[in-house]
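**Q** What follows is final12.txt, made up of compact mmCIF, C-alpha atoms and all ligand atoms:
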```txt
# COMPACT_ATOMS: atom_id res chain seq x y z
CA MET A 1 -105.50 117.47 47.94
CA LYS A 2 -108.35 115.21 46.89
CA ILE A 3 -110.92 115.41 44.09
CA PHE A 4 -113.92 113.08 44.01
CA ALA A 5 -115.72 112.42 40.71
CA TYR A 6 -119.29 111.20 40.20
CA GLY A 7 -120.79 109.33 37.24
CA ILE A 8 -117.45 108.21 35.80
CA ARG A 9 -117.96 105.82 32.90
CA GLU A 10 -115.52 103.26 31.52
CA ASP A 11 -114.92 105.33 28.40
CA GLU A 12 -113.73 108.24 30.55
CA GLN A 13 -111.17 106.22 32.50
CA PRO A 14 -108.23 106.41 30.02
CA ALA A 15 -108.40 110.24 30.02
CA LEU A 16 -108.80 110.24 33.80
CA LYS A 17 -105.74 107.97 34.23
CA LYS A 18 -103.72 110.36 32.03
CA TRP A 19 -104.81 113.35 34.13
CA GLN A 20 -103.90 111.49 37.33
CA ALA A 21 -100.47 110.58 35.95
CA ALA A 22 -99.83 114.25 35.18
CA HIS A 23 -100.92 115.29 38.72
CA PRO A 24 -99.32 112.79 41.11
CA ASP A 25 -99.80 115.13 44.08
CA VAL A 26 -103.62 115.07 43.68
CA GLU A 27 -105.58 112.11 45.02
CA VAL A 28 -108.49 111.21 42.73
CA ALA A 29 -111.33 108.88 43.69
CA PHE A 30 -114.49 108.21 41.73
CA THR A 31 -117.77 106.33 41.48
CA GLU A 32 -120.01 105.33 38.61
CA TYR A 33 -122.98 106.72 40.59
CA THR A 34 -124.29 110.16 39.75
CA LEU A 35 -124.50 112.84 42.44
CA THR A 36 -127.62 112.23 44.53
CA ALA A 37 -128.53 112.59 48.19
CA ASP A 38 -127.58 108.90 48.59
CA SER A 39 -124.19 109.07 46.86
CA ALA A 40 -123.05 112.52 48.02
CA HIS A 41 -121.35 111.19 51.19
CA LEU A 42 -118.82 109.32 49.01
CA ALA A 43 -116.96 112.63 48.57
CA GLU A 44 -116.08 112.78 52.27
CA GLY A 45 -112.51 114.01 52.76
CA SER A 46 -112.36 115.66 49.31
CA ASN A 47 -111.66 119.31 48.54
CA GLY A 48 -113.75 119.42 45.39
CA VAL A 49 -116.05 117.30 43.21
CA VAL A 50 -116.28 116.71 39.47
CA THR A 51 -119.60 115.54 38.10
CA LEU A 52 -121.71 114.91 34.97
CA GLN A 53 -125.40 114.05 34.74
CA THR A 54 -128.52 115.13 32.90
CA SER A 55 -130.82 114.53 35.90
CA PRO A 56 -131.37 117.39 38.38
CA TYR A 57 -128.79 118.17 41.07
CA THR A 58 -131.04 118.14 44.13
CA ARG A 59 -130.73 120.50 47.08
CA GLU A 60 -130.48 117.44 49.37
CA ALA A 61 -127.38 116.20 47.52
CA LEU A 62 -125.79 119.66 47.60
CA GLU A 63 -126.54 119.98 51.32
CA VAL A 64 -124.59 116.77 52.01
CA LEU A 65 -121.58 118.11 50.06
CA HIS A 66 -121.88 121.39 51.97
CA GLN A 67 -121.87 119.52 55.31
CA LEU A 68 -118.70 117.73 54.16
CA GLY A 69 -117.07 121.15 53.75
CA ILE A 70 -116.90 120.95 49.94
CA LYS A 71 -117.16 124.28 48.11
CA TYR A 72 -116.13 123.49 44.54
CA ILE A 73 -118.17 121.68 41.91
CA SER A 74 -116.87 121.22 38.37
CA ILE A 75 -119.19 119.74 35.78
CA ARG A 76 -117.68 117.91 32.81
CA ASN A 77 -120.21 119.34 30.34
CA VAL A 78 -121.56 122.62 28.93
CA GLY A 79 -125.17 122.95 30.16
CA PHE A 80 -125.88 123.71 33.84
CA ASP A 81 -129.68 123.96 33.55
CA ASN A 82 -130.05 120.99 35.95
CA PHE A 83 -128.79 123.15 38.87
CA GLU A 84 -130.93 125.61 40.85
CA PHE A 85 -128.62 128.63 41.18
CA LYS A 86 -130.35 129.55 44.45
CA ASP A 87 -129.21 126.26 46.00
CA LEU A 88 -125.63 126.80 44.83
CA ASN A 89 -125.58 130.35 46.22
CA ASP A 90 -127.31 129.50 49.51
CA LEU A 91 -124.76 126.75 50.10
CA ASP A 92 -121.80 128.86 48.92
CA PHE A 93 -120.65 126.66 46.02
CA THR A 94 -118.46 127.80 43.15
CA LEU A 95 -119.38 126.03 39.90
CA THR A 96 -117.32 125.57 36.74
CA ASN A 97 -118.42 124.02 33.46
CA VAL A 98 -116.57 123.02 30.28
CA PRO A 99 -117.90 125.61 27.82
CA VAL A 100 -115.89 124.44 24.81
CA TYR A 101 -115.01 120.74 24.93
CA SER A 102 -115.83 120.20 21.26
CA PRO A 103 -118.52 122.30 19.58
CA ASN A 104 -117.75 120.30 16.42
CA ALA A 105 -119.04 117.09 18.01
CA ILE A 106 -122.52 118.53 18.49
CA ALA A 107 -122.51 120.64 15.33
CA GLU A 108 -121.59 117.67 13.13
CA HIS A 109 -124.31 115.59 14.79
CA ALA A 110 -126.93 118.25 14.07
CA VAL A 111 -125.90 118.48 10.41
CA ILE A 112 -125.87 114.67 10.11
CA LEU A 113 -129.45 114.53 11.50
CA MET A 114 -130.48 117.07 8.84
CA GLY A 115 -128.74 115.03 6.13
CA ARG A 116 -130.41 111.81 7.23
CA LEU A 117 -133.81 113.50 6.99
CA LEU A 118 -133.05 115.21 3.67
CA ARG A 119 -131.89 111.94 2.08
CA ARG A 120 -134.62 109.88 3.80
CA VAL A 121 -132.08 107.47 5.28
CA PRO A 122 -134.46 105.80 7.79
CA GLU A 123 -136.83 104.96 4.92
CA PHE A 124 -133.97 103.58 2.80
CA ASP A 125 -132.78 101.57 5.82
CA GLN A 126 -136.26 100.06 6.13
CA LYS A 127 -136.26 99.25 2.40
CA MET A 128 -132.87 97.55 2.78
CA ASP A 129 -134.23 95.46 5.67
CA ASN A 130 -136.81 94.20 3.14
CA GLY A 131 -134.20 93.60 0.42
CA ASP A 132 -135.74 96.47 -1.55
CA PHE A 133 -133.02 98.06 -3.73
CA THR A 134 -135.32 100.43 -5.66
CA TRP A 135 -135.19 104.27 -5.74
CA SER A 136 -138.78 105.45 -5.72
CA PRO A 137 -140.51 106.94 -3.77
CA THR A 138 -137.59 107.84 -1.47
CA ILE A 139 -136.39 110.86 -3.43
CA GLY A 140 -134.19 113.25 -1.44
CA LYS A 141 -133.48 116.95 -1.17
CA GLU A 142 -130.12 118.77 -1.34
CA TYR A 143 -128.65 121.04 1.32
CA ARG A 144 -127.96 123.78 -1.26
CA GLU A 145 -131.70 124.12 -1.93
CA GLN A 146 -132.46 124.64 1.77
CA THR A 147 -132.74 127.74 3.90
CA ILE A 148 -131.57 126.64 7.34
CA GLY A 149 -132.47 128.67 10.43
CA VAL A 150 -129.85 128.45 13.19
CA VAL A 151 -131.23 129.54 16.58
CA GLY A 152 -128.25 130.42 18.78
CA THR A 153 -124.91 131.44 17.28
CA GLY A 154 -122.66 130.55 20.21
CA HIS A 155 -119.86 127.98 20.09
CA ILE A 156 -121.98 125.21 18.57
CA GLY A 157 -124.30 127.28 16.34
CA ARG A 158 -121.32 128.95 14.66
CA VAL A 159 -119.73 125.60 13.72
CA VAL A 160 -123.12 124.44 12.39
CA ILE A 161 -123.18 127.52 10.16
CA GLN A 162 -119.63 126.87 8.88
CA ILE A 163 -120.44 123.26 7.98
CA LEU A 164 -123.73 124.18 6.32
CA GLN A 165 -122.06 126.88 4.24
CA GLY A 166 -119.63 124.20 3.02
CA PHE A 167 -122.66 122.28 1.72
CA GLY A 168 -123.93 125.42 -0.03
CA ALA A 169 -127.03 125.88 2.14
CA LYS A 170 -128.51 129.34 2.72
CA VAL A 171 -128.26 130.15 6.44
CA VAL A 172 -130.34 132.58 8.47
CA ALA A 173 -129.59 133.04 12.16
CA TYR A 174 -131.18 134.39 15.31
CA ASP A 175 -129.51 135.20 18.64
CA VAL A 176 -130.13 137.73 21.38
CA TYR A 177 -126.39 138.52 21.12
CA HIS A 178 -124.94 139.26 17.67
CA ASN A 179 -121.60 137.61 16.96
CA PRO A 180 -119.52 140.10 14.89
CA ASP A 181 -118.48 137.51 12.29
CA ILE A 182 -122.04 136.27 11.69
CA GLU A 183 -123.21 139.90 11.68
CA LYS A 184 -120.60 140.79 9.04
CA GLN A 185 -121.94 137.98 6.85
CA GLY A 186 -125.43 139.47 7.17
CA LEU A 187 -126.98 136.22 8.41
CA TYR A 188 -129.06 137.56 11.31
CA VAL A 189 -132.80 138.05 11.04
CA ASP A 190 -134.53 140.38 13.52
CA SER A 191 -136.91 137.93 15.12
CA LEU A 192 -137.63 134.26 15.64
CA GLU A 193 -140.86 134.78 13.68
CA GLU A 194 -138.80 135.85 10.66
CA LEU A 195 -136.48 132.84 11.04
CA TYR A 196 -139.49 130.50 11.31
CA LYS A 197 -141.06 132.08 8.21
CA GLN A 198 -137.96 131.65 6.03
CA SER A 199 -136.54 128.30 7.14
CA ASP A 200 -136.92 124.86 5.55
CA ILE A 201 -134.94 123.43 8.48
CA ILE A 202 -134.68 124.90 11.98
CA THR A 203 -131.88 123.84 14.31
CA LEU A 204 -131.72 124.79 18.02
CA HIS A 205 -128.45 125.72 19.74
CA VAL A 206 -129.52 127.84 22.73
CA PRO A 207 -129.28 127.06 26.45
CA LEU A 208 -132.48 126.22 28.31
CA PHE A 209 -133.89 128.94 30.59
CA ASP A 210 -137.29 129.31 32.27
CA SER A 211 -137.99 131.98 29.62
CA ASN A 212 -137.51 129.72 26.58
CA LYS A 213 -138.98 126.48 27.92
CA TYR A 214 -141.27 125.09 25.16
CA MET A 215 -140.31 127.91 22.77
CA ILE A 216 -141.27 125.50 19.98
CA ASN A 217 -144.99 125.33 20.74
CA ASP A 218 -148.22 125.41 18.70
CA GLU A 219 -147.88 129.14 18.08
CA ALA A 220 -144.26 128.91 16.88
CA ILE A 221 -145.01 125.90 14.67
CA ALA A 222 -147.93 127.78 13.05
CA GLN A 223 -145.43 130.43 11.91
CA MET A 224 -143.16 127.85 10.20
CA LYS A 225 -143.11 126.71 6.59
CA ASP A 226 -145.20 123.65 5.69
CA GLY A 227 -143.04 120.52 5.84
CA VAL A 228 -140.34 122.13 8.01
CA TYR A 229 -137.68 119.88 9.59
CA ILE A 230 -136.83 120.62 13.23
CA ILE A 231 -133.48 119.62 14.73
CA ASN A 232 -132.83 119.76 18.48
CA CYS A 233 -129.37 119.01 19.86
CA ALA A 234 -129.68 121.55 22.70
CA ARG A 235 -132.22 120.69 25.42
CA GLY A 236 -135.43 118.64 25.20
CA GLU A 237 -137.53 121.16 27.12
CA LEU A 238 -137.12 123.72 24.31
CA ILE A 239 -139.82 121.78 22.42
CA ASP A 240 -143.38 121.11 23.57
CA THR A 241 -143.65 117.43 22.56
CA ASP A 242 -147.46 117.58 22.26
CA ALA A 243 -147.15 120.43 19.75
CA LEU A 244 -144.43 118.53 17.87
CA ILE A 245 -146.57 115.39 17.63
CA LYS A 246 -149.55 117.46 16.48
CA GLY A 247 -147.38 119.14 13.81
CA LEU A 248 -146.04 115.76 12.61
CA ASP A 249 -149.57 114.30 12.49
CA SER A 250 -150.87 117.16 10.36
CA GLY A 251 -147.82 117.17 8.06
CA LYS A 252 -147.04 120.78 9.01
CA ILE A 253 -143.75 119.37 10.31
CA GLY A 254 -142.03 117.17 7.72
CA GLY A 255 -139.61 115.54 10.13
CA ALA A 256 -137.50 115.96 13.22
CA GLY A 257 -133.99 115.07 14.35
CA LEU A 258 -133.91 114.91 18.14
CA ASP A 259 -130.81 114.28 20.24
CA VAL A 260 -132.61 115.57 23.32
CA LEU A 261 -136.19 115.13 24.49
CA ASP A 262 -138.46 116.48 27.18
CA ASP A 263 -138.33 113.95 30.06
CA GLU A 264 -135.47 112.08 28.35
CA ASN A 265 -134.22 110.72 31.68
CA SER A 266 -137.27 108.42 31.75
CA VAL A 267 -135.89 106.61 28.70
CA PHE A 268 -132.28 107.43 27.75
CA GLY A 269 -129.35 105.39 29.06
CA LYS A 270 -131.39 102.18 29.26
CA VAL A 271 -132.07 99.30 26.86
CA TRP A 272 -135.77 98.82 26.00
CA SER A 273 -135.14 96.08 23.39
CA SER A 274 -138.01 97.32 21.21
CA VAL A 275 -139.68 100.69 20.60
CA ASP A 276 -142.92 99.10 21.83
CA ASN A 277 -141.37 98.79 25.30
CA ILE A 278 -140.44 102.49 25.63
CA PRO A 279 -142.37 103.48 28.78
CA ASN A 280 -142.83 107.18 27.93
CA GLU A 281 -145.87 107.35 25.64
CA LYS A 282 -144.84 110.53 23.82
CA ILE A 283 -141.28 109.35 23.20
CA ARG A 284 -142.65 105.98 22.03
CA ASN A 285 -144.96 107.82 19.62
CA LEU A 286 -142.02 109.78 18.18
CA ALA A 287 -139.70 106.77 18.01
CA LYS A 288 -142.17 104.86 15.81
CA ARG A 289 -142.07 107.46 13.03
CA LEU A 290 -139.75 107.08 10.03
CA ASN A 291 -139.50 110.86 9.69
CA VAL A 292 -138.30 111.28 13.28
CA ILE A 293 -134.71 110.39 14.13
CA ILE A 294 -133.90 110.08 17.83
CA THR A 295 -130.42 109.77 19.30
CA PRO A 296 -129.88 109.34 23.07
CA HIS A 297 -128.27 112.71 23.94
CA SER A 298 -125.16 111.41 22.20
CA ALA A 299 -124.27 114.43 20.04
CA PHE A 300 -121.36 115.20 22.39
CA TYR A 301 -120.10 111.63 22.50
CA THR A 302 -116.76 111.62 20.65
CA GLU A 303 -113.27 110.63 21.75
CA THR A 304 -112.06 114.22 21.47
CA ALA A 305 -114.94 115.55 23.56
CA ILE A 306 -114.54 112.97 26.33
CA HIS A 307 -110.82 113.71 26.62
CA ASN A 308 -111.44 117.47 26.84
CA MET A 309 -114.36 117.10 29.28
CA ILE A 310 -112.19 115.17 31.74
CA THR A 311 -109.09 117.33 31.35
CA THR A 312 -110.80 120.72 31.61
CA SER A 313 -113.13 119.78 34.48
CA PHE A 314 -110.32 118.35 36.62
CA ASP A 315 -108.00 121.28 35.74
CA SER A 316 -110.76 123.71 36.78
CA ASN A 317 -111.55 121.91 40.02
CA LEU A 318 -107.86 121.83 40.96
CA ALA A 319 -107.51 125.53 40.13
CA LEU A 320 -110.44 126.35 42.45
CA ILE A 321 -108.96 124.24 45.25
CA GLU A 322 -105.66 126.09 44.80
CA GLY A 323 -107.49 129.41 45.22
CA LYS A 324 -107.26 130.44 41.54
CA LYS A 325 -110.14 131.82 39.46
CA PRO A 326 -110.46 129.80 36.24
CA GLN A 327 -112.19 131.59 33.33
CA ASN A 328 -114.98 129.03 33.22
CA ILE A 329 -116.59 129.87 36.56
CA VAL A 330 -120.35 129.94 36.00
CA ASP A 331 -121.98 133.21 37.07
CA THR A 332 -124.69 131.85 39.36
CA HIS A 333 -125.68 135.33 40.57
CA LYS A 334 -127.37 136.58 37.38
P1 LIG B 1 -123.04 129.07 23.93
O1 LIG B 1 -123.28 129.65 25.27
O2 LIG B 1 -121.70 129.18 23.32
O3 LIG B 1 -124.10 129.67 22.91
C1 LIG B 1 -125.44 129.85 23.21
C2 LIG B 1 -125.96 131.02 22.40
O4 LIG B 1 -127.35 131.13 22.63
C3 LIG B 1 -125.32 132.36 22.79
O5 LIG B 1 -124.81 133.01 21.64
C4 LIG B 1 -126.47 133.14 23.43
O6 LIG B 1 -126.40 134.53 23.16
C5 LIG B 1 -127.65 132.51 22.71
N1 LIG B 1 -128.93 132.66 23.40
C6 LIG B 1 -129.17 132.56 24.72
N2 LIG B 1 -130.48 132.71 24.96
C7 LIG B 1 -131.08 132.90 23.76
C8 LIG B 1 -132.42 133.10 23.35
N3 LIG B 1 -133.42 133.11 24.23
N4 LIG B 1 -132.66 133.27 22.03
C9 LIG B 1 -131.66 133.26 21.14
N5 LIG B 1 -130.37 133.07 21.47
C10 LIG B 1 -130.08 132.88 22.75
O7 LIG B 1 -123.49 127.55 24.06
P2 LIG B 1 -123.09 126.35 23.09
O8 LIG B 1 -121.80 125.75 23.51
O9 LIG B 1 -123.28 126.77 21.68
O10 LIG B 1 -124.22 125.28 23.51
C11 LIG B 1 -125.59 125.53 23.31
C12 LIG B 1 -126.41 124.50 24.07
O11 LIG B 1 -126.21 123.21 23.50
C13 LIG B 1 -125.97 124.30 25.53
O12 LIG B 1 -126.53 125.27 26.39
C14 LIG B 1 -126.48 122.92 25.84
O13 LIG B 1 -127.80 123.00 26.34
C15 LIG B 1 -126.51 122.23 24.47
N6 LIG B 1 -125.53 121.14 24.38
C16 LIG B 1 -125.98 119.93 23.99
C17 LIG B 1 -125.09 118.89 23.84
C18 LIG B 1 -125.52 117.53 23.37
O14 LIG B 1 -124.77 116.55 23.51
N7 LIG B 1 -126.69 117.39 22.78
C19 LIG B 1 -123.73 119.09 24.12
C20 LIG B 1 -123.32 120.35 24.51
C21 LIG B 1 -124.24 121.38 24.63
C1 LIG B 2 -123.73 119.33 27.60
O1 LIG B 2 -122.48 119.34 27.56
O2 LIG B 2 -124.39 120.30 28.02
C2 LIG B 2 -124.45 118.15 27.13
O3 LIG B 2 -125.61 118.26 26.81
C3 LIG B 2 -123.74 116.84 27.11
C4 LIG B 2 -124.29 115.85 28.10
C5 LIG B 2 -123.26 114.77 28.39
C6 LIG B 2 -124.80 116.42 29.38
```
The structure given in the file should be rewritten as structure tokens.
**A**
Amino acid sequence: MKIFAYGIREDEQPALKKWQAAHPDVEVAFTEYTLTADSAHLAEGSNGVVTLQTSPYTREALEVLHQLGIKYISIRNVGFDNFEFKDLNDLDFTLTNVPVYSPNAIAEHAVILMGRLLRRVPEFDQKMDNGDFTWSPTIGKEYREQTIGVVGTGHIGRVVIQILQGFGAKVVAYDVYHNPDIEKQGLYVDSLEELYKQSDIITLHVPLFDSNKYMINDEAIAQMKDGVYIINCARGELIDTDALIKGLDSGKIGGAGLDVLDDENSVFGKVWSSVDNIPNEKIRNLAKRLNVIITPHSAFYTETAIHNMITTSFDSNLALIEGKKPQNIVDTHK
């Protein structure tokens, strides 16, 4: 039995070595390259592949895997919006993801972004760079005075709510599916409009679909409170960047904490040395603002998460190869 893994980074190798040691009968080979039409042939002779990337999985790459007789793909992450389900179905692939590698990693990151905006940390950092140890005008706000709108109460959104309640914030939530525990607490509002109307901070924790692409657009922003903070640790394409920039320019939006960005693959994962060198004009515009905090899709990036991403993805791929049906098979037929 052989599993081939794409996009393996150095920080994943200790967990991978552990998994290999626990499965001496499985041959594991890997590359640092992501899965593309050019790198797909590297999996020749394997029964399944494990992969992780934020760039699209192209039909050409999947066709090469198909020609190699590979049927099982296990991603090491949650979101599978970079696959076309039609391609997976046409080519008869079974896909697994890692739905719960560490919701806390992302939830904590979202709450930290809020805290950094509330306490104006980037402005204080700039003052420190100038040896300025004064208070004014960088006065902050407290979580307990905020109404925080959580869009999506799945694995991550629910941990966000728990943490925020610990800080004493008022939480309102919106989801197409009502989680019984959140329902019991009476946190759901009936519509996004209502959540936008009530919230001082809005944080996004929904998957990306065609139907919610650019859900945060001019019309949505117009329904929000003046000075609202927007946090996005889900997917960049949930926010129309032009509308965000317009809202920041007018002051309608008070600040944003963005772990993900539309077209982030043009910028993330590379060193630009200075914000002036960022080649994407809209991202450069955002990165220059003191009330916008950008992190490079790193909300997930904790030791616990990396360990679980490796272990669960390889366990799932092996289970598929052995003809079992792991619980985390993605339903690509809906
Ligand atoms: P989840 O599936 O557990 O929860 C998603 C929730 O969104 C569900 O409760 C679902 O009912 C709800 N939902 C779906 N469509 C909706 C809509 N149109 N309106 C309102 N609610 C809707 O997923 P999760 O583990 O909480 O992850 C959420 C997203 O976070 C992932 O899909 C992924 O895109 C993103 N993510 C980002 C990182 C990161 O590092 N930044 C890491 C992991 C996941
Ligand atoms: C996810 O797990 O969906 C993420 O966004 C993390 C990233 C490494 C792709």
**Q** As a quick test: using all atoms listed in the file, which residues lie no more than 8 Å away from ligand LIG 2 (chain B)? Give them as a list in words.
**A**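 The residues near ligand LIG 2 (chain B) are Leu52, Gln53, Thr54, Arg76, Asn77, Val78, Gly79, Phe80, Val98, Pro99, Cys233, Ala234, Arg235, His297, Ser298, Ala299, Phe300 and Tyr301 of chain A.
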**Q** Could you list the protein, DNA and RNA residues that have any atom within 9 Å of ligand LIG 1 (chain B), counting all atoms listed in the file, and write them as an NGL selection string?
**A** :A and (77-81 or 98-103 or 105-107 or 109-110 or 151-159 or 174-179 or 192 or 204-209 or 211-212 or 215 or 232-236 or 258-260 or 296-301)
**Q** Keeping C-alpha atoms, export the residues of the selection given above as an mmCIF file, in the frame of the given file.
**A**
```cif
data_model
loop_
_atom_site.group_PDB
_atom_site.id
_atom_site.type_symbol
_atom_site.label_atom_id
_atom_site.label_comp_id
_atom_site.auth_asym_id
_atom_site.auth_seq_id
_atom_site.Cartn_x
_atom_site.Cartn_y
_atom_site.Cartn_z
ATOM 1 C CA ASN A 77 -120.210 119.340 30.340
ATOM 2 C CA VAL A 78 -121.560 122.620 28.930
ATOM 3 C CA GLY A 79 -125.170 122.950 30.160
ATOM 4 C CA PHE A 80 -125.880 123.710 33.840
ATOM 5 C CA ASP A 81 -129.680 123.960 33.550
ATOM 6 C CA VAL A 98 -116.570 123.020 30.280
ATOM 7 C CA PRO A 99 -117.900 125.610 27.820
ATOM 8 C CA VAL A 100 -115.890 124.440 24.810
ATOM 9 C CA TYR A 101 -115.010 120.740 24.930
ATOM 10 C CA SER A 102 -115.830 120.200 21.260
ATOM 11 C CA PRO A 103 -118.520 122.300 19.580
ATOM 12 C CA ALA A 105 -119.040 117.090 18.010
ATOM 13 C CA ILE A 106 -122.520 118.530 18.490
ATOM 14 C CA ALA A 107 -122.510 120.640 15.330
ATOM 15 C CA HIS A 109 -124.310 115.590 14.790
ATOM 16 C CA ALA A 110 -126.930 118.250 14.070
ATOM 17 C CA VAL A 151 -131.230 129.540 16.580
ATOM 18 C CA GLY A 152 -128.250 130.420 18.780
ATOM 19 C CA THR A 153 -124.910 131.440 17.280
ATOM 20 C CA GLY A 154 -122.660 130.550 20.210
ATOM 21 C CA HIS A 155 -119.860 127.980 20.090
ATOM 22 C CA ILE A 156 -121.980 125.210 18.570
ATOM 23 C CA GLY A 157 -124.300 127.280 16.340
ATOM 24 C CA ARG A 158 -121.320 128.950 14.660
ATOM 25 C CA VAL A 159 -119.730 125.600 13.720
ATOM 26 C CA TYR A 174 -131.180 134.390 15.310
ATOM 27 C CA ASP A 175 -129.510 135.200 18.640
ATOM 28 C CA VAL A 176 -130.130 137.730 21.380
ATOM 29 C CA TYR A 177 -126.390 138.520 21.120
ATOM 30 C CA HIS A 178 -124.940 139.260 17.670
ATOM 31 C CA ASN A 179 -121.600 137.610 16.960
ATOM 32 C CA LEU A 192 -137.630 134.260 15.640
ATOM 33 C CA LEU A 204 -131.720 124.790 18.020
ATOM 34 C CA HIS A 205 -128.450 125.720 19.740
ATOM 35 C CA VAL A 206 -129.520 127.840 22.730
ATOM 36 C CA PRO A 207 -129.280 127.060 26.450
ATOM 37 C CA LEU A 208 -132.480 126.220 28.310
ATOM 38 C CA PHE A 209 -133.890 128.940 30.590
ATOM 39 C CA SER A 211 -137.990 131.980 29.620
ATOM 40 C CA ASN A 212 -137.510 129.720 26.580
ATOM 41 C CA MET A 215 -140.310 127.910 22.770
ATOM 42 C CA ASN A 232 -132.830 119.760 18.480
ATOM 43 C CA CYS A 233 -129.370 119.010 19.860
ATOM 44 C CA ALA A 234 -129.680 121.550 22.700
ATOM 45 C CA ARG A 235 -132.220 120.690 25.420
ATOM 46 C CA GLY A 236 -135.430 118.640 25.200
ATOM 47 C CA LEU A 258 -133.910 114.910 18.140
ATOM 48 C CA ASP A 259 -130.810 114.280 20.240
ATOM 49 C CA VAL A 260 -132.610 115.570 23.320
ATOM 50 C CA PRO A 296 -129.880 109.340 23.070
ATOM 51 C CA HIS A 297 -128.270 112.710 23.940
ATOM 52 C CA SER A 298 -125.160 111.410 22.200
ATOM 53 C CA ALA A 299 -124.270 114.430 20.040
ATOM 54 C CA PHE A 300 -121.360 115.200 22.390
ATOM 55 C CA TYR A 301 -120.100 111.630 22.500
#
```
**Q** Would you pick out the contacts of A:Gly149 at 7 Å or less, using only C-alpha atoms, so that residues sharing its chain but fewer than 6 positions from it are not included, and give the list as number ranges by chain?
**A** A: 171-173, 195, 199, 201-203
**Q** Which residues are near A:Ala40? Cut-off 7 Å, all atoms listed in the file, ignore same chain within fewer than 3 positions. Put them as an NGL selection string.
**A** :A and (35-37 or 43 or 61 or 64-65)
**Q** What does the distance between atom CA of A:Tyr214 and atom CA of A:Glu237 come to in Å, to one decimal place?
**A**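 Computing it gives 5.8 Å between the two atoms.
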**Q** Which one is closest to A:Ser266: A:Leu91, A:Asp181, A:Lys86, A:Ser55? Count only C-alpha atoms.
**A** A:Ser55
**Q** Which residue, A:Leu113, A:Ala305, A:Leu286, A:Val189, has the smallest gap to A:Ala15 when you use all atoms listed in the file?
**A**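 Using all atoms listed in the file, the shortest distance to A:Ala15 belongs to A:Ala305.
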**Q** Calculate how many Å separate atom CA of A:Phe93 from atom CA of A:Tyr72, rounding to one decimal.
**A** 5.7 Å
**Q** Ranking A:Ser74, A:Thr295, A:Thr34, A:Ser46 by minimum distance to A:Ile310 and counting only C-alpha atoms, which one comes first?
**A**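 Closest to A:Ile310 of all the choices is A:Ser74.
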**Q** Which residues, protein or nucleic acid, reach to within 8 Å of (-136.4, 108.7, 27.5) in the file's coordinates when using all atoms listed in the file, and can you give that as a ChimeraX atom specification?
**A** /A:261,263-269,278,280,283,296
**Q** For a quick check of understanding, using only C-alpha atoms, which of A:Ile139, A:Leu187, A:Met224, A:Ile216 has the smallest distance to A:Ile239?
**A**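 Closest candidate: A:Ile216.
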**Q** Go through A:Lys197, A:His41, A:Lys213, A:Lys325 and flag the residue nearest A:Asp262, using only C-alpha atoms for the distances.
**A** A:Lys213
**Q** Just how far from atom CA of A:Gln327 is atom CA of A:Ile3, in Å to one decimal?
**A**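 According to the coordinates, atom CA of A:Ile3 and atom CA of A:Gln327 are separated by 19.5 Å.
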**Q** Considering all atoms listed in the file, state which residue in the set A:Lys170, A:Lys282, A:His66, A:Lys270 is at the smallest distance from A:Lys246.
**A**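 Among the listed residues, A:Lys282 lies closest to A:Lys246.
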**Q** Could you name the residues that touch A:Thr311 at 9 Å or less, counting only C-alpha atoms, but leaving out those on the same chain fewer than 3 positions away, as a PyMOL selection string?
**A** chain A and resi 15-16+18-19+76+306-308+314-316
**Q** Taking 5 positions as the minimum chain separation for residues in the same chain, which residues sit within 6 Å of A:Lys252 when counting only C-alpha atoms? Answer as a PyMOL selection string.
**A** chain A and resi 226-227+247
**Q** I want to know what sits within 9 Å of A:Arg59, based on only C-alpha atoms, with residues of the same chain fewer than 3 positions away left out; could you give that as a PyMOL selection string?
**A** chain A and resi 37+62-64+83-84+87-88
